[in-house]
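Undergrad: Next up is a structure, given as structure tokens.
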Amino acid sequence: MFNPLFEALVDVAFAEIEAEMDVSKVLEGSLSEVLERNILAELLFKVSKRVLIGDMNVRLEMGDLDGENEEAQYSDYVLRYLMDPAYLKQLFQEYPAWKEVIFQTMEYFIRNVKELIQHFDADRENLNAEFFSTERFDKIRRIAGSGSDTHCENRIVYGVELDNGKRIYHKPRVNTGVTFFNELYTQVCASLDLEAGVNPMYMGASHVWEKEALYAECENEQQVQNYFVRLGILLSICHLCHGGDMHYENMIANGEFPIIIDYETLVQLPPEDGQEAVKKATQIIGESVLPIGILPFYGSRSQNFNADFSGLCGGGKQVMDIMVPVIDNPGKSSMCIAYRYGETGDKNNRVRLNGVLVQPEDYFEQLYAGYEAGYRYVMTHQEEVLAWTKSMENAVFRQLFRNTQEYHMILDLSYHPEFMRKIGDREAFLENALTTPLFENRPNILKQEIEDMKKGDVPYFQFHMASGDILNSERKPVQKFFKKTGIQFLKEQILSRSEEDLKLQKYFIEISLRYKQVENLGNLYAKKK
């Protein structure tokens with residue numbers, strides 16, 4: 001939609017990159033042949049759609065658009081108005097804040113692509129040694145966007161296809177805390193004579209390369225059982241760290257190996273006294289295995305909404321209870337913004353055996369066996385596990401202050417034409433939308449949220465494990481938030497493992513896995529009545 005304009009802007013950005021660096025020593029073809037053009041086009045559409053749709057609607061109402069139908073009128077608007085330099089200049093004058101975000105988006109894109117190419121050039125030999133010693137690569141064949149949220153000045157995860165046919169991912173943030181996770185996971189698996197199957201990664205100074213984790217079905221029943229044992233071990237470590245966000249988009253079923261592909265929220269510090277009044281039962285559940293995201297959970301349970309977002313289950317075409325903005329009548333002069341309930345996409349997290357979807361509730365015993373093995377390993381190897389926490393001292397983990405969907409909705413509305421007419425109006429809207437009673441005592445957090453969203457980003461915060469500082473998107477301290485550090489919390493978790501808690505978590509796991517069976521029985525009973 002409005003592609004001629006965005007294609008022209010993409011051409012400008014690509015030409016700028018090629019003018020500033022020699023891409024031929026890194027890319028297998030030209031930049032346009034290797035780098036997917038729709039990455040930038042989609043970013044530009046995101047910040048422009050409301051202004052352009054609104055302007056087209058005005059032209060339609062004034063009778064300025066020629067054409068015998070809505071498709072022809074849309075084409076007339078794009079080709080006769082939008083592609084006219086004089087008219088575009090007029091639009092920029094009418095919406096100076098839109099002009100600002102357009103060129104800011106292009107500037108960040110150019111910088112981010114150059115970063116990726118520079119990182120690849122510098123890391124090429126190390127990546128061959130770490131990932132492909134027998135299938136060496138030389139150049140990049142294709143660069144694709146991952147569809148992930150933008151953070152830290154529009155940085156995203158890029159998928160990089162190599163000239164050896166393999167794919168790696170470039171992530172613009174480093175997390176040394178993964179070392180602790182992988183070490184513990186590997187040792188627990190070894191105690192059960194299982195290979196861990198840790199996904200290889202190479203850490204640079206400010207970025208990480210990860211080898212692609214491919215989806216694969218299990219080939220026999222033993223592999224399925226091994227999968228759930230390993231998943232139980234992963235669950236035990238995530239519970240130890242009070243991890244979160246391990247939902248269906250962050251897990252890959254690679255045959256008998258469950259692979260986590262996002263460790264940003266591996267450690268999450270629970271609410272402290274004075275910050276949030278919680279009942280004892282709420283606290284027990286909040287610090288259990290249930291909120292981690294691996295076990296089945298539901299965004300809403302009603303007749304209309306029945307979506308499971310978990311790392312274990314999930315699936316496509318599940319209707320969520322969140323309305324999201326969509327484009328109605330695309331490619332027509334009547335194009336407009338509408339709101340519909342979102343749907344989940346089908347991901348690669350579900351286990352299959354020879355083409356048949358495996359039901360997780362049938363493997364409760366295996367999953368719990370893995371969970372118990374991980375739990376007891378920490379209980380019986382406390383000194384060893386405590387020593388591994390040293391690798392966590394410089395680690396940082398993402399701190400979530402609001403639901404990401406809330407940020408998305410506010411960010412999308414901030415591009416409304418009414419907030420694009422004057423520099424400063426969009427910032428005022430963001431401040432008004434983000435100011436809530438909960439954030440009255442967090443002025444530095446609120447200020448940083450506004451700064452990030454002015455750049456078109458979902459706000460990004462981290463906490464430093466050793467210092468307890470909350471860091472902004474530039475990794476600069478903005479506020480002390482927790483009374484204890486992440487290291488202190490993790491050590492308390494290691495020392496607090498108990499038989500009573502293990503028994504309690506077993507109940508939670510069983511309830512979660514077998515919830516669907518209970519619900520189905522309830523539905524059958526209701527129908528009979």
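A note on labels: chains of the structure tokens are A, B, ... as shown, every chain counts residues from 1, and ligands are counted from 1 in their shown order.
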Can I get the residues of range 248-344 of chain A within 12 Å of range 147-161 of chain A, each with the closest pair of atoms and their distance in Å to one decimal, using only C-alpha atoms, sorted chain first then ascending number, as CSV?

TA:
```
residue,atom,partner,partner_atom,distance
A:Glu249,CA,A:Ser148,CA,10.4
A:Asn250,CA,A:Ser148,CA,11.2
A:Ile261,CA,A:Val157,CA,11.6
A:Asp262,CA,A:Val157,CA,11.0
```

Undergrad: What parts of range 162-251 of chain A does DSSP call alpha helix (DSSP H)? I'd like the answer as a ChimeraX atom specification.

TA: /A:178-191,221-241

Undergrad: Using only N, CA, C and O atoms, please write the residues we just selected to a file, as a compact mmCIF listing (two decimals), in the first residue's frame.

TA:
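Result went into selection-v2.txt, see below:
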```txt
# COMPACT_ATOMS: atom_id res chain seq x y z
N VAL A 178 23.18 -16.15 29.65
CA VAL A 178 22.87 -17.41 29.00
C VAL A 178 23.88 -18.49 29.39
O VAL A 178 23.56 -19.68 29.43
N THR A 179 25.10 -18.08 29.71
CA THR A 179 26.15 -19.03 30.11
C THR A 179 25.72 -19.85 31.32
O THR A 179 25.90 -21.07 31.36
N PHE A 180 25.16 -19.17 32.33
CA PHE A 180 24.68 -19.87 33.53
C PHE A 180 23.59 -20.87 33.16
O PHE A 180 23.61 -22.03 33.59
N PHE A 181 22.64 -20.43 32.36
CA PHE A 181 21.52 -21.28 31.96
C PHE A 181 22.03 -22.53 31.24
O PHE A 181 21.63 -23.65 31.56
N ASN A 182 22.89 -22.34 30.26
CA ASN A 182 23.37 -23.47 29.45
C ASN A 182 24.21 -24.43 30.27
O ASN A 182 24.14 -25.65 30.08
N GLU A 183 25.01 -23.89 31.20
CA GLU A 183 25.85 -24.75 32.04
C GLU A 183 24.98 -25.64 32.92
O GLU A 183 25.20 -26.86 33.02
N LEU A 184 23.99 -25.06 33.56
CA LEU A 184 23.11 -25.84 34.43
C LEU A 184 22.30 -26.85 33.63
O LEU A 184 22.18 -28.02 34.02
N TYR A 185 21.78 -26.42 32.49
CA TYR A 185 20.98 -27.32 31.65
C TYR A 185 21.82 -28.51 31.17
O TYR A 185 21.37 -29.66 31.22
N THR A 186 23.03 -28.23 30.73
CA THR A 186 23.91 -29.30 30.24
C THR A 186 24.23 -30.31 31.34
O THR A 186 24.21 -31.53 31.11
N GLN A 187 24.50 -29.82 32.54
CA GLN A 187 24.86 -30.72 33.64
C GLN A 187 23.68 -31.57 34.09
O GLN A 187 23.84 -32.76 34.39
N VAL A 188 22.49 -30.99 34.14
CA VAL A 188 21.31 -31.78 34.54
C VAL A 188 21.01 -32.85 33.49
O VAL A 188 20.72 -34.00 33.82
N CYS A 189 21.10 -32.47 32.21
CA CYS A 189 20.89 -33.46 31.15
C CYS A 189 21.90 -34.59 31.26
O CYS A 189 21.55 -35.78 31.12
N ALA A 190 23.16 -34.25 31.51
CA ALA A 190 24.22 -35.26 31.62
C ALA A 190 23.93 -36.22 32.77
O ALA A 190 24.23 -37.42 32.69
N SER A 191 23.34 -35.70 33.86
CA SER A 191 23.01 -36.56 35.00
C SER A 191 21.96 -37.60 34.64
O SER A 191 21.81 -38.62 35.34
N GLU A 221 8.76 -42.92 19.49
CA GLU A 221 8.17 -42.62 20.79
C GLU A 221 9.22 -42.22 21.82
O GLU A 221 8.99 -41.33 22.65
N GLN A 222 10.40 -42.82 21.76
CA GLN A 222 11.45 -42.50 22.72
C GLN A 222 11.88 -41.04 22.59
O GLN A 222 12.13 -40.36 23.58
N GLN A 223 11.94 -40.54 21.35
CA GLN A 223 12.31 -39.14 21.16
C GLN A 223 11.27 -38.20 21.76
O GLN A 223 11.62 -37.17 22.33
N VAL A 224 9.99 -38.57 21.63
CA VAL A 224 8.94 -37.75 22.23
C VAL A 224 9.12 -37.69 23.75
O VAL A 224 9.05 -36.62 24.37
N GLN A 225 9.36 -38.85 24.36
CA GLN A 225 9.56 -38.89 25.81
C GLN A 225 10.78 -38.06 26.21
O GLN A 225 10.74 -37.32 27.21
N ASN A 226 11.86 -38.18 25.44
CA ASN A 226 13.07 -37.40 25.73
C ASN A 226 12.79 -35.90 25.63
O ASN A 226 13.34 -35.11 26.41
N TYR A 227 11.96 -35.52 24.66
CA TYR A 227 11.62 -34.10 24.51
C TYR A 227 11.00 -33.56 25.79
O TYR A 227 11.40 -32.50 26.29
N PHE A 228 10.03 -34.28 26.32
CA PHE A 228 9.33 -33.78 27.50
C PHE A 228 10.19 -33.84 28.75
O PHE A 228 10.02 -33.01 29.66
N VAL A 229 11.10 -34.79 28.84
CA VAL A 229 12.05 -34.79 29.96
C VAL A 229 12.92 -33.53 29.89
O VAL A 229 13.10 -32.83 30.89
N ARG A 230 13.45 -33.25 28.71
CA ARG A 230 14.28 -32.04 28.56
C ARG A 230 13.47 -30.78 28.84
O ARG A 230 13.97 -29.84 29.46
N LEU A 231 12.22 -30.76 28.38
CA LEU A 231 11.38 -29.59 28.61
C LEU A 231 11.15 -29.40 30.11
O LEU A 231 11.12 -28.26 30.61
N GLY A 232 11.01 -30.49 30.83
CA GLY A 232 10.87 -30.40 32.28
C GLY A 232 12.11 -29.81 32.93
O GLY A 232 12.01 -29.02 33.88
N ILE A 233 13.28 -30.17 32.41
CA ILE A 233 14.53 -29.59 32.94
C ILE A 233 14.56 -28.09 32.67
O ILE A 233 14.91 -27.28 33.55
N LEU A 234 14.21 -27.70 31.45
CA LEU A 234 14.16 -26.27 31.12
C LEU A 234 13.19 -25.54 32.04
O LEU A 234 13.47 -24.43 32.50
N LEU A 235 12.04 -26.17 32.31
CA LEU A 235 11.04 -25.57 33.19
C LEU A 235 11.62 -25.36 34.59
O LEU A 235 11.38 -24.32 35.22
N SER A 236 12.38 -26.32 35.07
CA SER A 236 12.94 -26.22 36.42
C SER A 236 13.94 -25.07 36.51
O SER A 236 14.00 -24.36 37.52
N ILE A 237 14.73 -24.87 35.46
CA ILE A 237 15.72 -23.78 35.48
C ILE A 237 15.02 -22.43 35.35
O ILE A 237 15.39 -21.46 36.04
N CYS A 238 14.03 -22.35 34.50
CA CYS A 238 13.26 -21.10 34.37
C CYS A 238 12.56 -20.78 35.69
O CYS A 238 12.47 -19.61 36.08
N HIS A 239 12.07 -21.80 36.38
CA HIS A 239 11.44 -21.58 37.68
C HIS A 239 12.46 -21.10 38.70
O HIS A 239 12.19 -20.19 39.50
N LEU A 240 13.64 -21.68 38.68
CA LEU A 240 14.71 -21.24 39.58
C LEU A 240 15.02 -19.76 39.37
O LEU A 240 15.21 -19.01 40.33
N CYS A 241 15.05 -19.35 38.11
CA CYS A 241 15.40 -17.97 37.77
C CYS A 241 14.19 -17.04 37.79
O CYS A 241 14.34 -15.83 37.55
```

Undergrad: Just list the residues in range 101-189 of chain A DSSP gives strand (DSSP E) on the backbone, as an MDAnalysis selection string.

TA: chainID A and resid 140:145 158:162 167:171

Undergrad: For each of A:Arg398, A:Lys171, A:Lys211, A:Lys447, take the minimum atom-to-atom distance to Glu130 in chain A, counting only C-alpha atoms, then give the residue where this is smallest.

TA: A:Lys211

Undergrad: Under the rule that only C-alpha atoms are counted, which of A:Val198, A:Met420, A:Leu214, A:Ile470 is the nearest residue to Val101 in chain A?

TA: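 Comparing A:Val198, A:Met420, A:Leu214, A:Ile470 against Val101 in chain A, the winner is A:Met420.
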
Undergrad: What is the distance, in Å and to one decimal place, between CA of Ala72 in chain A and CA of Leu60 in chain A?

TA: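 Going from CA of Ala72 in chain A over to CA of Leu60 in chain A, I get 11.8 Å.
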
Undergrad: If we count only C-alpha atoms, what is near range 504-509 of chain A at a cut-off of 7 Å, once residues fewer than 2 positions away on the same chain are taken out, given as a list in words?

TA: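 The residues that qualify are Ser288, Val289, Leu290, Tyr368, Glu500, Asp501, Leu502, Ile511, Ser512 and Leu513 of chain A.
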
Undergrad: What separation in Å, quoted to one decimal, exists between CA of Arg50 in chain A and CA of Gln448 in chain A?

TA: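 The value is 24.9 Å.
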
Undergrad: Rank A:Leu88, A:Val23, A:Val267, A:Ala216 by their smallest atom-to-atom distance to Phe120 in chain A, using only C-alpha atoms, and report the top residue only.

TA: A:Val23

Undergrad: What lies within 10 Å of Ile292 in chain A using only C-alpha atoms, ignoring chain neighbours under 3 positions off, as a list in words?

TA: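 Skipping anything fewer than 3 positions along the chain leaves Leu235, Cys238, His239, Cys241, His242, Gly243, Gly244, Asp245, Met246, His247, Thr265, Leu266, Gln268, Gly286, Glu287, Ser288, Val289, Leu295, Pro296, Phe297, Ser310 and Gly311 of chain A.
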
Undergrad: Go ahead and write the residues just picked, N, CA, C and O atoms, as a short mmCIF file (atom, residue, chain, number, x, y, z; two decimals), in the first residue's frame.

TA:
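After the write, again24.cif holds the following:
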```cif
data_model
loop_
_atom_site.label_atom_id
_atom_site.label_comp_id
_atom_site.auth_asym_id
_atom_site.auth_seq_id
_atom_site.Cartn_x
_atom_site.Cartn_y
_atom_site.Cartn_z
N LEU A 235 12.04 -26.17 32.31
CA LEU A 235 11.04 -25.57 33.19
C LEU A 235 11.62 -25.36 34.59
O LEU A 235 11.38 -24.32 35.22
N CYS A 238 14.03 -22.35 34.50
CA CYS A 238 13.26 -21.10 34.37
C CYS A 238 12.56 -20.78 35.69
O CYS A 238 12.47 -19.61 36.08
N HIS A 239 12.07 -21.80 36.38
CA HIS A 239 11.44 -21.58 37.68
C HIS A 239 12.46 -21.10 38.70
O HIS A 239 12.19 -20.19 39.50
N CYS A 241 15.05 -19.35 38.11
CA CYS A 241 15.40 -17.97 37.77
C CYS A 241 14.19 -17.04 37.79
O CYS A 241 14.34 -15.83 37.55
N HIS A 242 13.00 -17.59 38.05
CA HIS A 242 11.76 -16.84 37.98
C HIS A 242 11.61 -16.19 36.59
O HIS A 242 11.30 -15.01 36.44
N GLY A 243 11.88 -17.02 35.57
CA GLY A 243 11.83 -16.53 34.20
C GLY A 243 10.42 -16.32 33.72
O GLY A 243 9.45 -16.76 34.34
N GLY A 244 10.29 -15.64 32.59
CA GLY A 244 8.97 -15.39 32.03
C GLY A 244 9.04 -15.25 30.52
O GLY A 244 10.11 -15.28 29.92
N ASP A 245 7.88 -15.12 29.90
CA ASP A 245 7.76 -14.85 28.47
C ASP A 245 8.23 -16.02 27.60
O ASP A 245 8.61 -15.82 26.44
N MET A 246 8.21 -17.23 28.12
CA MET A 246 8.65 -18.39 27.34
C MET A 246 7.47 -18.96 26.56
O MET A 246 7.12 -20.13 26.66
N HIS A 247 6.85 -18.11 25.76
CA HIS A 247 5.63 -18.47 25.05
C HIS A 247 5.93 -19.15 23.71
O HIS A 247 7.09 -19.42 23.36
N THR A 265 14.14 -12.52 29.08
CA THR A 265 13.43 -12.46 30.36
C THR A 265 13.65 -13.73 31.17
O THR A 265 12.78 -14.16 31.93
N LEU A 266 14.83 -14.32 31.03
CA LEU A 266 15.16 -15.54 31.77
C LEU A 266 15.08 -15.29 33.28
O LEU A 266 14.61 -16.15 34.04
N GLN A 268 13.46 -12.75 36.11
CA GLN A 268 12.52 -11.67 36.40
C GLN A 268 12.38 -11.56 37.91
O GLN A 268 12.01 -12.53 38.58
N GLY A 286 2.25 -16.57 41.62
CA GLY A 286 3.13 -15.70 40.84
C GLY A 286 4.57 -16.16 40.83
O GLY A 286 5.31 -15.86 39.89
N GLU A 287 4.98 -16.89 41.87
CA GLU A 287 6.36 -17.38 41.95
C GLU A 287 6.46 -18.87 41.64
O GLU A 287 7.48 -19.49 41.89
N SER A 288 5.42 -19.42 41.05
CA SER A 288 5.39 -20.84 40.71
C SER A 288 5.81 -21.07 39.26
O SER A 288 6.26 -20.14 38.58
N VAL A 289 5.62 -22.28 38.79
CA VAL A 289 5.94 -22.62 37.40
C VAL A 289 4.91 -22.07 36.41
O VAL A 289 5.16 -22.03 35.21
N LEU A 295 4.16 -23.84 30.29
CA LEU A 295 2.96 -24.65 30.51
C LEU A 295 1.74 -23.95 29.92
O LEU A 295 1.73 -22.72 29.78
N PRO A 296 0.70 -24.71 29.57
CA PRO A 296 -0.49 -24.10 28.97
C PRO A 296 -1.05 -22.98 29.84
O PRO A 296 -1.20 -23.12 31.05
N PHE A 297 -1.33 -21.85 29.21
CA PHE A 297 -2.01 -20.74 29.89
C PHE A 297 -2.83 -20.00 28.85
O PHE A 297 -2.60 -20.13 27.65
N SER A 310 1.13 -20.66 25.19
CA SER A 310 2.26 -21.25 25.88
C SER A 310 3.32 -21.82 24.94
O SER A 310 3.04 -22.14 23.78
N GLY A 311 4.52 -21.97 25.48
CA GLY A 311 5.61 -22.57 24.73
C GLY A 311 5.34 -24.03 24.41
O GLY A 311 5.85 -24.57 23.43
#
```

Undergrad: Give me, as a PyMOL selection string, all polymer residues having an atom no more than 8 Å from Arg421 in chain A, counting only C-alpha atoms and skipping those fewer than 6 positions away in the same chain.

TA: chain A and resi 94-98

Undergrad: Export N, CA and C atoms of the chosen residues as a PDB file, in the first residue's frame?

TA:
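After the write, again_20.pdb holds the following:
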```
ATOM      1  N   GLU A  94       2.674  20.347   5.967  1.00  0.00           N
ATOM      2  CA  GLU A  94       1.465  20.235   6.767  1.00  0.00           C
ATOM      3  C   GLU A  94       1.661  19.333   7.971  1.00  0.00           C
ATOM      4  N   TYR A  95       2.515  18.295   7.799  1.00  0.00           N
ATOM      5  CA  TYR A  95       2.758  17.329   8.871  1.00  0.00           C
ATOM      6  C   TYR A  95       4.265  17.235   9.148  1.00  0.00           C
ATOM      7  N   PRO A  96       4.855  18.255   9.772  1.00  0.00           N
ATOM      8  CA  PRO A  96       6.308  18.249   9.997  1.00  0.00           C
ATOM      9  C   PRO A  96       6.782  17.117  10.910  1.00  0.00           C
ATOM     10  N   ALA A  97       5.942  16.714  11.855  1.00  0.00           N
ATOM     11  CA  ALA A  97       6.324  15.613  12.739  1.00  0.00           C
ATOM     12  C   ALA A  97       6.397  14.300  11.964  1.00  0.00           C
ATOM     13  N   TRP A  98       5.530  14.145  10.956  1.00  0.00           N
ATOM     14  CA  TRP A  98       5.585  12.939  10.099  1.00  0.00           C
ATOM     15  C   TRP A  98       6.879  12.944   9.287  1.00  0.00           C
TER      16      TRP A  98
END
```

Undergrad: Considering only C-alpha atoms, state which residue in the set A:Met323, A:Asp308, A:Arg59, A:Glu7 is at the smallest distance from Tyr339 in chain A.

TA: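 Ranking A:Met323, A:Asp308, A:Arg59, A:Glu7 by distance to Tyr339 in chain A, first place goes to A:Met323.
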